[in-house]
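Enquirer: You'll find work07.cif just under this line, and it carries mmCIF, C-alpha atoms.
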data_query
loop_
_atom_site.label_atom_id
_atom_site.label_comp_id
_atom_site.auth_asym_id
_atom_site.auth_seq_id
_atom_site.Cartn_x
_atom_site.Cartn_y
_atom_site.Cartn_z
CA MET A 777 0.00 0.00 0.00
CA LEU A 778 1.53 3.25 -1.07
CA PRO A 779 0.80 6.61 0.50
CA ASP A 780 -2.03 8.68 -0.85
CA GLN A 781 -0.53 11.90 -2.21
CA ARG A 782 -3.66 13.92 -1.46
CA ASP A 783 -3.80 13.59 2.31
CA GLY A 784 -0.42 12.09 3.29
CA SER A 785 -2.02 8.90 4.60
CA PHE A 786 -0.18 5.61 4.97
CA GLY A 787 -2.20 2.54 3.92
CA THR A 788 -3.49 1.18 7.22
CA GLY A 789 -6.97 0.24 6.04
CA TYR A 790 -8.65 2.92 8.14
CA PRO A 791 -9.12 6.56 7.16
CA PRO A 792 -6.58 8.63 9.15
CA ALA A 793 -6.97 12.14 10.43
CA PRO A 794 -6.29 14.69 7.67
CA ALA A 795 -2.59 14.82 6.72
CA ALA A 796 -1.71 12.17 9.29
CA ALA A 797 -1.05 8.44 9.35
CA THR A 798 -1.47 6.11 12.29
CA ILE A 799 0.06 2.67 12.19
CA GLY A 800 -1.22 0.29 14.87
CA MET A 801 0.52 -2.69 16.41
CA LYS A 802 -1.49 -5.51 18.00
CA GLY A 803 -2.45 -3.67 21.19
CA SER A 804 1.05 -2.61 22.23
CA GLY A 805 0.78 0.99 21.03
CA TYR A 806 0.76 3.05 17.89
CA ASP A 807 2.90 5.17 15.56
CA ARG A 808 1.45 8.46 14.26
CA PHE A 809 3.04 10.38 11.39
CA ASP A 810 1.57 13.87 10.98
CA VAL A 811 2.87 15.21 7.68
CA LYS A 812 1.05 18.53 7.97
CA ASP A 813 2.74 19.46 11.27
CA GLY A 814 5.91 17.44 10.57
CA ILE A 815 5.66 15.49 13.85
CA VAL A 816 5.96 11.78 14.67
CA CYS A 817 4.38 10.40 17.86
CA ILE A 818 5.19 6.90 19.08
CA PHE A 819 3.17 5.48 21.97
CA ARG A 820 3.88 2.12 23.63
CA TRP A 821 2.58 0.31 26.68
CA GLY A 822 5.44 -0.87 28.87
CA PHE A 823 5.45 -3.14 31.89
CA PRO A 824 2.84 -2.37 34.58
CA GLY A 825 3.97 0.23 37.06
CA LYS A 826 4.59 3.93 37.45
CA ASN A 827 6.31 4.41 34.08
CA ARG A 828 4.07 2.14 32.02
CA ARG A 829 3.34 4.64 29.25
CA VAL A 830 6.12 5.40 26.79
CA PHE A 831 5.44 8.42 24.56
CA LEU A 832 8.05 9.73 22.13
CA ARG A 833 7.61 12.80 19.97
CA PHE A 834 10.02 14.17 17.38
CA LEU A 835 10.16 15.92 14.01
CA ILE A 836 9.84 14.01 10.74
CA LYS A 837 12.89 15.86 9.40
CA ASP A 838 14.98 14.24 12.21
CA ILE A 839 14.35 10.75 10.81
CA GLN A 840 17.58 9.65 9.14
CA SER A 841 16.60 6.19 7.85
CA VAL A 842 14.47 3.09 8.22
CA ARG A 843 16.60 0.14 9.26
CA ILE A 844 16.04 -3.61 9.07
CA GLU A 845 18.10 -5.70 11.48
CA VAL A 846 18.33 -9.38 10.58
CA LYS A 847 19.75 -12.09 12.85
CA GLU A 848 19.70 -15.51 11.23
CA GLY A 849 20.20 -18.84 12.95
CA ILE A 850 18.12 -21.15 15.10
CA TYR A 851 16.17 -18.22 16.53
CA ALA A 852 15.91 -15.95 13.48
CA ARG A 853 14.89 -12.39 14.26
CA ARG A 854 13.94 -9.46 12.05
CA VAL A 855 13.27 -6.04 13.57
CA LEU A 856 12.32 -2.78 11.87
CA TYR A 857 13.88 0.37 13.35
CA MET A 858 13.68 4.07 12.67
CA ASP A 859 16.98 5.95 13.12
CA ILE A 860 16.38 9.35 14.73
CA ARG A 861 18.99 12.10 14.86
CA GLY A 862 19.99 12.57 18.51
CA GLN A 863 17.87 9.67 19.86
CA GLY A 864 19.31 6.59 18.16
CA ALA A 865 17.26 3.71 16.79
CA ILE A 866 13.65 3.20 17.84
CA PRO A 867 12.13 -0.27 17.21
CA LEU A 868 8.85 -0.23 15.29
CA THR A 869 8.12 -3.96 15.36
CA ARG A 870 8.05 -6.31 18.29
CA THR A 871 10.96 -8.71 18.61
CA ASP A 872 8.58 -11.66 18.97
CA GLU A 873 6.79 -10.94 15.67
CA ASN A 874 7.99 -13.41 13.08
CA PHE A 875 7.75 -11.64 9.72
CA THR A 876 9.02 -13.25 6.56
CA PRO A 877 11.87 -11.43 4.83
CA ARG A 878 9.44 -10.33 2.10
CA GLU A 879 6.92 -8.91 4.62
CA MET A 880 9.66 -7.04 6.49
CA GLU A 881 11.07 -5.64 3.26
CA GLN A 882 7.58 -4.52 2.17
CA LYS A 883 6.92 -2.74 5.49
CA ALA A 884 10.31 -1.02 5.38
CA ALA A 885 9.86 0.03 1.73
CA GLU A 886 6.40 1.50 2.36
CA LEU A 887 7.56 3.47 5.39
CA ALA A 888 10.78 4.68 3.76
CA TYR A 889 8.86 5.80 0.67
CA PHE A 890 6.29 7.61 2.80
CA LEU A 891 8.97 9.38 4.87
CA ARG A 892 11.33 9.84 1.90
CA VAL A 893 14.31 8.36 3.74
CA PRO A 894 16.75 5.55 2.78
CA ILE A 895 16.54 1.93 3.96
CA GLU A 896 19.52 0.33 5.71
CA VAL A 897 19.93 -3.42 6.25
CA PHE A 898 22.11 -4.86 9.04
#
Kindly transcribe the structure held in the file into structure tokens.

Expert:
Amino acid sequence: MLPDQRDGSFGTGYPPAPAAATIGMKGSGYDRFDVKDGIVCIFRWGFPGKNRRVFLRFLIKDIQSVRIEVKEGIYARRVLYMDIRGQGAIPLTRTDENFTPREMEQKAAELAYFLRVPIEVF
């Protein structure tokens, strides 16, 4: 699913707020890309306790790349990250999600195209 040039949406299957895209993840939080304001919001639920809510907010122009990290072997692992200037790499997929290489590549390509940043593979 490629972004819709008219409203800056990212193909999630649901109509986003105008000029924004929200990408959900199986109950663990969400990623919101607001092209109009140039802001990315990432919300995650952490472990129960005082600091359970994790909320990150930064500018779209600070995103340097979308990165795929691949660890092959008995316990293969593929994780999608977003490299942020000054904050390092932020994981966008859960480590226990078992995506095929094709699915991971598709997700990375869609996001990189939407954000207009390069893809890195490690």

Enquirer: For this file, the PyMOL selection byres ((chain A and resi 885) around 12) selects which residues, as an MDAnalysis selection string?

Expert: chainID A and resid 777:779 786 841:844 856 878:884 886:897

Enquirer: Would you compute the distance between CA of Pro877 in chain A and CA of Arg854 in chain A? Give it in Å to one decimal.

Expert: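 CA of Pro877 in chain A sits 7.8 Å away from CA of Arg854 in chain A.
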
Enquirer: For Tyr857 in chain A, which of A:Phe875, A:Phe898, A:Phe834, A:Phe819 is the closest residue, counting all atoms listed in the file?

Expert: A:Phe898

Enquirer: Counting all atoms listed in the file, what is within 12 Å of Phe831 in chain A, bar same-chain residues fewer than 6 positions away, as an MDAnalysis selection string?

Expert: chainID A and resid 805:808 816:822 866

Enquirer: Selected by the PyMOL selection byres ((chain A and resi 860) around 10) in the shown coordinates: which residues, as an NGL selection string?

Expert: :A and (834-842 or 857-859 or 861-866)

Enquirer: Could you check how far CA of Val855 in chain A sits from CA of Asp872 in chain A, in Å to one decimal?

Expert: 9.1 Å

Enquirer: For CA of Val830 in chain A and CA of Arg853 in chain A, determine how far apart the two atoms are, in Å to one decimal place.

Expert: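 We find that CA of Val830 in chain A and CA of Arg853 in chain A lie 23.5 Å from each other.
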
Enquirer: So, with all atoms listed in the file as the atoms that count, which of A:Thr876, A:Arg829, A:Phe823, A:Thr869 lies closest to Ala852 in chain A?

Expert: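 Nearest to Ala852 in chain A: A:Thr876.
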
Enquirer: Restricting the calculation to all atoms listed in the file: of A:Pro867, A:Ser804, A:Arg828, A:Glu873, which residue gets closest to Tyr851 in chain A?

Expert: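 Counting all atoms listed in the file, the residue closest to Tyr851 in chain A is A:Glu873.
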
Enquirer: Quick one: range 846-866 of chain A with N, CA, C and O atoms, as a PDB file, in the coordinates of the input?

Expert:
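As a result, rebuild_12.pdb now contains:
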ATOM      1  N   VAL A 846      18.607  -7.956  10.806  1.00  0.00           N
ATOM      2  CA  VAL A 846      18.330  -9.380  10.580  1.00  0.00           C
ATOM      3  C   VAL A 846      19.367 -10.204  11.334  1.00  0.00           C
ATOM      4  O   VAL A 846      20.563  -9.991  11.185  1.00  0.00           O
ATOM      5  N   LYS A 847      18.888 -11.128  12.157  1.00  0.00           N
ATOM      6  CA  LYS A 847      19.750 -12.090  12.850  1.00  0.00           C
ATOM      7  C   LYS A 847      19.266 -13.475  12.441  1.00  0.00           C
ATOM      8  O   LYS A 847      18.148 -13.861  12.782  1.00  0.00           O
ATOM      9  N   GLU A 848      20.074 -14.173  11.680  1.00  0.00           N
ATOM     10  CA  GLU A 848      19.700 -15.510  11.230  1.00  0.00           C
ATOM     11  C   GLU A 848      20.276 -16.553  12.168  1.00  0.00           C
ATOM     12  O   GLU A 848      21.190 -16.287  12.933  1.00  0.00           O
ATOM     13  N   GLY A 849      19.741 -17.745  12.115  1.00  0.00           N
ATOM     14  CA  GLY A 849      20.200 -18.840  12.950  1.00  0.00           C
ATOM     15  C   GLY A 849      19.015 -19.643  13.443  1.00  0.00           C
ATOM     16  O   GLY A 849      17.932 -19.624  12.846  1.00  0.00           O
ATOM     17  N   ILE A 850      19.200 -20.323  14.544  1.00  0.00           N
ATOM     18  CA  ILE A 850      18.120 -21.150  15.100  1.00  0.00           C
ATOM     19  C   ILE A 850      16.942 -20.272  15.498  1.00  0.00           C
ATOM     20  O   ILE A 850      15.793 -20.594  15.217  1.00  0.00           O
ATOM     21  N   TYR A 851      17.223 -19.164  16.137  1.00  0.00           N
ATOM     22  CA  TYR A 851      16.170 -18.220  16.530  1.00  0.00           C
ATOM     23  C   TYR A 851      16.299 -16.971  15.656  1.00  0.00           C
ATOM     24  O   TYR A 851      16.823 -15.954  16.091  1.00  0.00           O
ATOM     25  N   ALA A 852      15.817 -17.076  14.419  1.00  0.00           N
ATOM     26  CA  ALA A 852      15.910 -15.950  13.480  1.00  0.00           C
ATOM     27  C   ALA A 852      15.070 -14.786  14.002  1.00  0.00           C
ATOM     28  O   ALA A 852      14.004 -14.977  14.594  1.00  0.00           O
ATOM     29  N   ARG A 853      15.576 -13.585  13.769  1.00  0.00           N
ATOM     30  CA  ARG A 853      14.890 -12.390  14.260  1.00  0.00           C
ATOM     31  C   ARG A 853      15.051 -11.269  13.252  1.00  0.00           C
ATOM     32  O   ARG A 853      16.141 -11.023  12.755  1.00  0.00           O
ATOM     33  N   ARG A 854      13.939 -10.602  12.954  1.00  0.00           N
ATOM     34  CA  ARG A 854      13.940  -9.460  12.050  1.00  0.00           C
ATOM     35  C   ARG A 854      13.204  -8.321  12.730  1.00  0.00           C
ATOM     36  O   ARG A 854      12.050  -8.481  13.122  1.00  0.00           O
ATOM     37  N   VAL A 855      13.869  -7.187  12.879  1.00  0.00           N
ATOM     38  CA  VAL A 855      13.270  -6.040  13.570  1.00  0.00           C
ATOM     39  C   VAL A 855      13.399  -4.811  12.678  1.00  0.00           C
ATOM     40  O   VAL A 855      14.446  -4.578  12.076  1.00  0.00           O
ATOM     41  N   LEU A 856      12.333  -4.021  12.626  1.00  0.00           N
ATOM     42  CA  LEU A 856      12.320  -2.780  11.870  1.00  0.00           C
ATOM     43  C   LEU A 856      12.548  -1.619  12.822  1.00  0.00           C
ATOM     44  O   LEU A 856      11.867  -1.498  13.839  1.00  0.00           O
ATOM     45  N   TYR A 857      13.534  -0.779  12.515  1.00  0.00           N
ATOM     46  CA  TYR A 857      13.880   0.370  13.350  1.00  0.00           C
ATOM     47  C   TYR A 857      13.747   1.656  12.553  1.00  0.00           C
ATOM     48  O   TYR A 857      13.831   1.646  11.327  1.00  0.00           O
ATOM     49  N   MET A 858      13.619   2.755  13.268  1.00  0.00           N
ATOM     50  CA  MET A 858      13.680   4.070  12.670  1.00  0.00           C
ATOM     51  C   MET A 858      14.840   4.793  13.355  1.00  0.00           C
ATOM     52  O   MET A 858      14.862   4.914  14.577  1.00  0.00           O
ATOM     53  N   ASP A 859      15.829   5.237  12.570  1.00  0.00           N
ATOM     54  CA  ASP A 859      16.980   5.950  13.120  1.00  0.00           C
ATOM     55  C   ASP A 859      16.640   7.432  13.226  1.00  0.00           C
ATOM     56  O   ASP A 859      16.318   8.076  12.226  1.00  0.00           O
ATOM     57  N   ILE A 860      16.730   7.961  14.454  1.00  0.00           N
ATOM     58  CA  ILE A 860      16.380   9.350  14.730  1.00  0.00           C
ATOM     59  C   ILE A 860      17.642  10.106  15.132  1.00  0.00           C
ATOM     60  O   ILE A 860      18.403   9.646  15.987  1.00  0.00           O
ATOM     61  N   ARG A 861      17.844  11.261  14.535  1.00  0.00           N
ATOM     62  CA  ARG A 861      18.990  12.100  14.860  1.00  0.00           C
ATOM     63  C   ARG A 861      18.912  12.502  16.344  1.00  0.00           C
ATOM     64  O   ARG A 861      17.924  13.051  16.791  1.00  0.00           O
ATOM     65  N   GLY A 862      19.923  12.190  17.103  1.00  0.00           N
ATOM     66  CA  GLY A 862      19.990  12.570  18.510  1.00  0.00           C
ATOM     67  C   GLY A 862      19.318  11.605  19.467  1.00  0.00           C
ATOM     68  O   GLY A 862      19.454  11.732  20.674  1.00  0.00           O
ATOM     69  N   GLN A 863      18.548  10.612  18.964  1.00  0.00           N
ATOM     70  CA  GLN A 863      17.870   9.670  19.860  1.00  0.00           C
ATOM     71  C   GLN A 863      18.221   8.222  19.567  1.00  0.00           C
ATOM     72  O   GLN A 863      17.786   7.334  20.292  1.00  0.00           O
ATOM     73  N   GLY A 864      18.940   7.960  18.496  1.00  0.00           N
ATOM     74  CA  GLY A 864      19.310   6.590  18.160  1.00  0.00           C
ATOM     75  C   GLY A 864      18.211   5.861  17.409  1.00  0.00           C
ATOM     76  O   GLY A 864      17.376   6.474  16.751  1.00  0.00           O
ATOM     77  N   ALA A 865      18.213   4.548  17.514  1.00  0.00           N
ATOM     78  CA  ALA A 865      17.260   3.710  16.790  1.00  0.00           C
ATOM     79  C   ALA A 865      16.069   3.367  17.677  1.00  0.00           C
ATOM     80  O   ALA A 865      16.232   2.972  18.832  1.00  0.00           O
ATOM     81  N   ILE A 866      14.887   3.515  17.118  1.00  0.00           N
ATOM     82  CA  ILE A 866      13.650   3.200  17.840  1.00  0.00           C
ATOM     83  C   ILE A 866      12.994   2.015  17.141  1.00  0.00           C
ATOM     84  O   ILE A 866      12.708   2.083  15.939  1.00  0.00           O
TER      85      ILE A 866
END
